[in-house]
Amino acid sequence: MKAKDTFLAILVALIWGLNFVVIKVGLDSFPPLLFSCLRFTVAAFPAVIFFKRGQISWKWILAIGFTLGVVKYSFLFIGIKVGTPAGLSSLLIQSQVLFTSLLSARILNDAPVLWQKIGIGIAFSGIGLIASSMINSANLWGFCLVLMASIAWSFANIFIKMAGNVDMFRLMIWMSIIPPLPLLALSTIFEEGQKDALAHINLLGIGTIFYTGLIATVLAFGIWGWLLRRYSANIVTPFALLVPVFGFVFSNLFLNEKITTINLVASLLILIGLVLIVFGRKTSIKSFTSNI
């Protein structure tokens, strides 16, 4: 990978890591479902006017828009709102890597190799350690919601894989037209204070909407999609492992979040597991060829 493209990959991870802090700040101004609705509204409009849908099927736009936009971000935003720290959320959401591996084996007949199976076991042990430390805590509910968000993301990954060779930038823009109305309806039914939040909106609140909608969604996914078209997924996707690193750093700097010893050990287990899942197949191939 060229130096400038390496910089872009790191920049995307930085944007996504900081996004969890921005979400936490935005949730101080808006109810979770309304915030998510506003985020996707900004991501979709007016971009859909300037970027045509191309060859992307409406079937996949609807499936990915609902799974990724409505389900994943509803769980994630509510999970952070009820108390899951931003840094920890940035790590837990990356569990989508191991859930995607499991779903891929089941749905796409893409079974994990030995090292990936070991990685899945190690990652789940880290998740279990965090859950056990929260068993008597109100944050357990938030932990479960963020984990459910990562499962929803893994289903969206499968749908993206089944959609074929699509333009990720256009896909993210067009799938963003799906979530606003369902999220607005859900917000109307289950939340309160929407009118008050919009009536007293300030520059910080507006900034969080535009950051999550335009920078973290349209810009970051646009760069990510461009890198995936230019390089092998095995080269690009490991940079996503930097997201929780930036997430922990920024949450400590801006939110003064501290990580406990148990969470630190659990986080290392999850990261080790994710590394094995991402690099496991490549490692097995190298081991096999070296023994010939």
# chains A, B, ... in the order shown; residues from 1 in each chain; ligands from 1
call {"tool": "residues_around", "arguments": {"residues": "Val22 of chain A", "least_positions_apart": "6", "cutoff": "8 Å", "atoms": "only C-alpha atoms", "output": "PDB file with all heavy atoms, in the first residue's frame"}}
result
ATOM      1  N   THR A 208     -22.316  17.509  16.060  1.00  0.00           N
ATOM      2  CA  THR A 208     -22.336  16.051  16.223  1.00  0.00           C
ATOM      3  C   THR A 208     -23.147  15.380  15.120  1.00  0.00           C
ATOM      4  O   THR A 208     -22.796  14.289  14.656  1.00  0.00           O
ATOM      5  CB  THR A 208     -22.908  15.657  17.594  1.00  0.00           C
ATOM      6  OG1 THR A 208     -24.271  16.132  17.722  1.00  0.00           O
ATOM      7  CG2 THR A 208     -22.076  16.221  18.729  1.00  0.00           C
ATOM      8  N   TYR A 211     -20.925  15.577  11.962  1.00  0.00           N
ATOM      9  CA  TYR A 211     -19.762  14.701  12.052  1.00  0.00           C
ATOM     10  C   TYR A 211     -20.178  13.249  11.834  1.00  0.00           C
ATOM     11  O   TYR A 211     -19.562  12.531  11.029  1.00  0.00           O
ATOM     12  CB  TYR A 211     -19.069  14.845  13.403  1.00  0.00           C
ATOM     13  CG  TYR A 211     -17.788  14.027  13.484  1.00  0.00           C
ATOM     14  CD1 TYR A 211     -16.566  14.603  13.157  1.00  0.00           C
ATOM     15  CD2 TYR A 211     -17.799  12.685  13.849  1.00  0.00           C
ATOM     16  CE1 TYR A 211     -15.383  13.862  13.197  1.00  0.00           C
ATOM     17  CE2 TYR A 211     -16.638  11.931  13.881  1.00  0.00           C
ATOM     18  CZ  TYR A 211     -15.438  12.520  13.556  1.00  0.00           C
ATOM     19  OH  TYR A 211     -14.282  11.774  13.585  1.00  0.00           O
ATOM     20  N   THR A 212     -21.197  12.791  12.559  1.00  0.00           N
ATOM     21  CA  THR A 212     -21.622  11.393  12.436  1.00  0.00           C
ATOM     22  C   THR A 212     -22.224  11.107  11.062  1.00  0.00           C
ATOM     23  O   THR A 212     -22.063  10.002  10.529  1.00  0.00           O
ATOM     24  CB  THR A 212     -22.649  11.033  13.525  1.00  0.00           C
ATOM     25  OG1 THR A 212     -23.762  11.937  13.456  1.00  0.00           O
ATOM     26  CG2 THR A 212     -22.031  11.104  14.911  1.00  0.00           C
TER      27      THR A 212
END
call {"tool": "residues_around", "arguments": {"residues": "Asn252 of chain A", "least_positions_apart": "5", "cutoff": "10 Å", "atoms": "only C-alpha atoms", "output": "PyMOL selection string"}}
result
chain A and resi 21+86-87+246-247+257-259
call {"tool": "write_last_selection", "arguments": {"atoms": "C-alpha atoms", "output": "CSV table (one decimal), in the first residue's frame"}}
result
chain,number,residue,atom,x,y,z
A,21,VAL,CA,-16.9,10.3,21.6
A,86,ALA,CA,-17.5,5.3,24.4
A,87,GLY,CA,-14.1,3.6,24.5
A,246,PHE,CA,-8.3,5.5,18.9
A,247,GLY,CA,-11.7,5.1,20.7
A,257,GLU,CA,-13.1,7.6,30.8
A,258,LYS,CA,-10.9,5.3,32.8
A,259,ILE,CA,-10.5,1.6,31.9
call {"tool": "select_by_dssp", "arguments": {"residues": "segment 111-255 of chain A", "states": "alpha helix (DSSP H)", "output": "JSON, numbers by chain"}}
result
{"A": [114, 115, 116, 117, 118, 119, 120, 121, 122, 123, 124, 125, 126, 127, 128, 129, 130, 131, 132, 133, 139, 140, 141, 142, 143, 144, 145, 146, 147, 148, 149, 150, 151, 152, 153, 154, 155, 156, 157, 158, 159, 160, 161, 162, 163, 168, 169, 170, 171, 172, 173, 174, 175, 180, 181, 182, 183, 184, 185, 186, 187, 188, 189, 190, 194, 195, 196, 197, 198, 199, 203, 204, 205, 206, 207, 208, 209, 210, 220, 221, 222, 223, 224, 225, 226, 227, 228, 229, 230, 233, 234, 235, 236, 243, 244, 245, 246, 247, 248, 249, 250, 251, 252, 253, 254, 255]}
call {"tool": "residues_around", "arguments": {"residues": "Ala63 of chain A", "least_positions_apart": "2", "cutoff": "12 Å", "atoms": "only C-alpha atoms", "output": "CSV table (one decimal) with C-alpha atoms, in the first residue's frame"}}
result
chain,number,residue,atom,x,y,z
A,56,ILE,CA,-27.0,-1.3,-6.8
A,57,SER,CA,-30.3,-3.3,-6.4
A,58,TRP,CA,-33.1,-1.9,-4.3
A,59,LYS,CA,-33.2,-5.3,-2.5
A,60,TRP,CA,-29.8,-4.7,-1.0
A,61,ILE,CA,-30.3,-1.0,-0.3
A,65,GLY,CA,-30.4,0.2,5.2
A,66,PHE,CA,-32.7,-1.5,7.7
A,67,THR,CA,-30.1,-3.8,9.2
A,68,LEU,CA,-27.2,-1.4,9.4
A,69,GLY,CA,-29.1,1.9,9.7
A,70,VAL,CA,-32.1,1.1,11.8
A,71,VAL,CA,-31.2,-2.0,13.9
A,152,ALA,CA,-26.7,-6.6,13.4
A,153,TRP,CA,-23.6,-5.2,11.7
A,155,PHE,CA,-25.7,-9.5,9.1
A,156,ALA,CA,-25.2,-6.3,7.1
A,157,ASN,CA,-21.7,-7.5,6.2
A,158,ILE,CA,-23.2,-10.7,4.8
A,159,PHE,CA,-25.8,-8.7,2.8
A,160,ILE,CA,-23.0,-6.5,1.4
A,162,MET,CA,-24.1,-11.1,-1.3
A,163,ALA,CA,-24.7,-7.8,-3.1
A,171,LEU,CA,-24.2,2.2,-1.3
A,174,TRP,CA,-28.4,5.4,-0.9
A,175,MET,CA,-28.9,3.0,2.1
A,176,SER,CA,-29.0,6.2,4.3
A,178,ILE,CA,-33.9,4.0,4.4
A,179,PRO,CA,-33.4,4.6,8.2
call {"tool": "residues_around", "arguments": {"residues": "segment 131-145 of chain A", "least_positions_apart": "2", "cutoff": "12 Å", "atoms": "only C-alpha atoms", "output": "PyMOL selection string"}}
result
chain A and resi 71-86+88-93+124-129+147-152+260-267
call {"tool": "closest_residue", "arguments": {"among": "A:Leu204, A:Ile277, A:Ile209, A:Ile122", "to": "Thr41 of chain A", "atoms": "only C-alpha atoms"}}
result
A:Ile209
call {"tool": "atom_distance", "arguments": {"atom1": "atom CA of Arg39 of chain A", "atom2": "atom CA of Arg53 of chain A"}}
result
20.0 Å
call {"tool": "residues_around", "arguments": {"residues": "Gly280 of chain A", "least_positions_apart": "5", "cutoff": "9 Å", "atoms": "only C-alpha atoms", "output": "PyMOL selection string"}}
result
chain A and resi 112-119+275+285
call {"tool": "write_last_selection", "arguments": {"atoms": "N, CA, C and O atoms", "output": "tab-separated table (two decimals), in the first residue's frame"}}
result
chain	number	residue	atom	x	y	z
A	112	PRO	N	-14.41	-20.99	8.97
A	112	PRO	CA	-13.13	-20.46	9.48
A	112	PRO	C	-12.09	-21.57	9.60
A	112	PRO	O	-12.43	-22.73	9.86
A	113	VAL	N	-10.83	-21.21	9.40
A	113	VAL	CA	-9.73	-22.17	9.57
A	113	VAL	C	-9.38	-22.25	11.05
A	113	VAL	O	-9.94	-21.53	11.88
A	114	LEU	N	-8.41	-23.11	11.37
A	114	LEU	CA	-8.07	-23.38	12.77
A	114	LEU	C	-7.72	-22.12	13.54
A	114	LEU	O	-8.25	-21.89	14.64
A	115	TRP	N	-6.81	-21.28	12.99
A	115	TRP	CA	-6.40	-20.08	13.71
A	115	TRP	C	-7.57	-19.12	13.93
A	115	TRP	O	-7.65	-18.45	14.97
A	116	GLN	N	-8.49	-19.07	12.97
A	116	GLN	CA	-9.66	-18.21	13.13
A	116	GLN	C	-10.60	-18.76	14.22
A	116	GLN	O	-11.18	-18.00	14.97
A	117	LYS	N	-10.72	-20.07	14.28
A	117	LYS	CA	-11.53	-20.68	15.35
A	117	LYS	C	-10.94	-20.37	16.72
A	117	LYS	O	-11.66	-20.09	17.68
A	118	ILE	N	-9.61	-20.44	16.80
A	118	ILE	CA	-8.94	-20.09	18.07
A	118	ILE	C	-9.20	-18.62	18.41
A	118	ILE	O	-9.48	-18.27	19.56
A	119	GLY	N	-9.12	-17.77	17.38
A	119	GLY	CA	-9.40	-16.34	17.58
A	119	GLY	C	-10.80	-16.08	18.07
A	119	GLY	O	-11.04	-15.24	18.96
A	275	VAL	N	-7.43	-10.13	15.82
A	275	VAL	CA	-6.23	-10.23	14.97
A	275	VAL	C	-6.13	-11.63	14.37
A	275	VAL	O	-5.84	-11.79	13.17
A	285	ILE	N	-2.39	-20.40	5.45
A	285	ILE	CA	-1.90	-20.61	4.09
A	285	ILE	C	-0.38	-20.60	4.08
A	285	ILE	O	0.28	-21.43	3.47
call {"tool": "closest_atom_pairs", "arguments": {"of": "segment 30-116 of chain A", "to": "segment 218-231 of chain A", "cutoff": "12 Å", "atoms": "only C-alpha atoms", "output": "Markdown table"}}
result
| residue | atom | partner | partner_atom | distance |
| --- | --- | --- | --- | --- |
| A:Arg39 | CA | A:Val218 | CA | 10.6 |
| A:Phe40 | CA | A:Val218 | CA | 9.7 |
| A:Thr41 | CA | A:Val218 | CA | 11.5 |
| A:Val42 | CA | A:Val218 | CA | 9.5 |
| A:Ala43 | CA | A:Val218 | CA | 6.1 |
| A:Ala44 | CA | A:Val218 | CA | 8.5 |
| A:Phe45 | CA | A:Val218 | CA | 10.8 |
| A:Pro46 | CA | A:Val218 | CA | 11.6 |
| A:Ala47 | CA | A:Val218 | CA | 8.9 |
| A:Val48 | CA | A:Val218 | CA | 11.2 |
| A:Phe51 | CA | A:Val218 | CA | 11.7 |
call {"tool": "write_last_selection", "arguments": {"atoms": "N, CA, C and O atoms", "output": "short mmCIF file (atom, residue, chain, number, x, y, z; two decimals), in the first residue's frame"}}
result
data_model
loop_
_atom_site.label_atom_id
_atom_site.label_comp_id
_atom_site.auth_asym_id
_atom_site.auth_seq_id
_atom_site.Cartn_x
_atom_site.Cartn_y
_atom_site.Cartn_z
N ARG A 39 -28.81 11.85 11.90
CA ARG A 39 -27.51 11.46 11.33
C ARG A 39 -27.68 10.93 9.92
O ARG A 39 -26.95 11.32 9.01
N PHE A 40 -28.65 10.04 9.71
CA PHE A 40 -28.83 9.45 8.37
C PHE A 40 -29.51 10.41 7.41
O PHE A 40 -29.30 10.32 6.19
N THR A 41 -30.31 11.33 7.93
CA THR A 41 -30.90 12.35 7.07
C THR A 41 -29.81 13.22 6.45
O THR A 41 -29.82 13.50 5.25
N VAL A 42 -28.84 13.62 7.28
CA VAL A 42 -27.73 14.43 6.79
C VAL A 42 -26.84 13.62 5.84
O VAL A 42 -26.33 14.15 4.85
N ALA A 43 -26.69 12.32 6.12
CA ALA A 43 -25.85 11.48 5.26
C ALA A 43 -26.48 11.27 3.89
O ALA A 43 -25.78 11.15 2.88
N ALA A 44 -27.82 11.25 3.84
CA ALA A 44 -28.51 10.95 2.58
C ALA A 44 -28.77 12.18 1.72
O ALA A 44 -28.64 12.12 0.49
N PHE A 45 -29.13 13.27 2.35
CA PHE A 45 -29.55 14.46 1.59
C PHE A 45 -28.59 15.63 1.84
O PHE A 45 -28.24 15.90 2.99
N PRO A 46 -28.14 16.31 0.77
CA PRO A 46 -28.59 16.18 -0.62
C PRO A 46 -27.76 15.23 -1.47
O PRO A 46 -27.85 15.27 -2.70
N ALA A 47 -26.94 14.36 -0.84
CA ALA A 47 -26.00 13.53 -1.61
C ALA A 47 -26.69 12.68 -2.67
O ALA A 47 -26.15 12.50 -3.77
N VAL A 48 -27.91 12.15 -2.36
CA VAL A 48 -28.59 11.28 -3.32
C VAL A 48 -28.96 12.03 -4.61
O VAL A 48 -29.18 11.41 -5.65
N PHE A 51 -25.43 11.87 -6.58
CA PHE A 51 -24.82 10.57 -6.86
C PHE A 51 -25.92 9.56 -7.21
O PHE A 51 -26.76 9.23 -6.36
#
call {"tool": "atom_distance", "arguments": {"atom1": "atom CA of Gly121 of chain A", "atom2": "atom CA of Ile15 of chain A"}}
result
29.2 Å
call {"tool": "atom_distance", "arguments": {"atom1": "atom CA of Phe279 of chain A", "atom2": "atom CA of Arg170 of chain A"}}
result
28.5 Å
call {"tool": "residues_around", "arguments": {"residues": "Leu11 of chain A", "least_positions_apart": "2", "cutoff": "10 Å", "atoms": "only C-alpha atoms", "output": "number ranges by chain"}}
result
A: 5-9, 13-17, 220, 223-224, 239, 242-243
call {"tool": "closest_residue", "arguments": {"among": "A:Thr237, A:Ser36, A:Asn109, A:Asn256", "to": "Gln94 of chain A", "atoms": "only C-alpha atoms"}}
result
A:Thr237
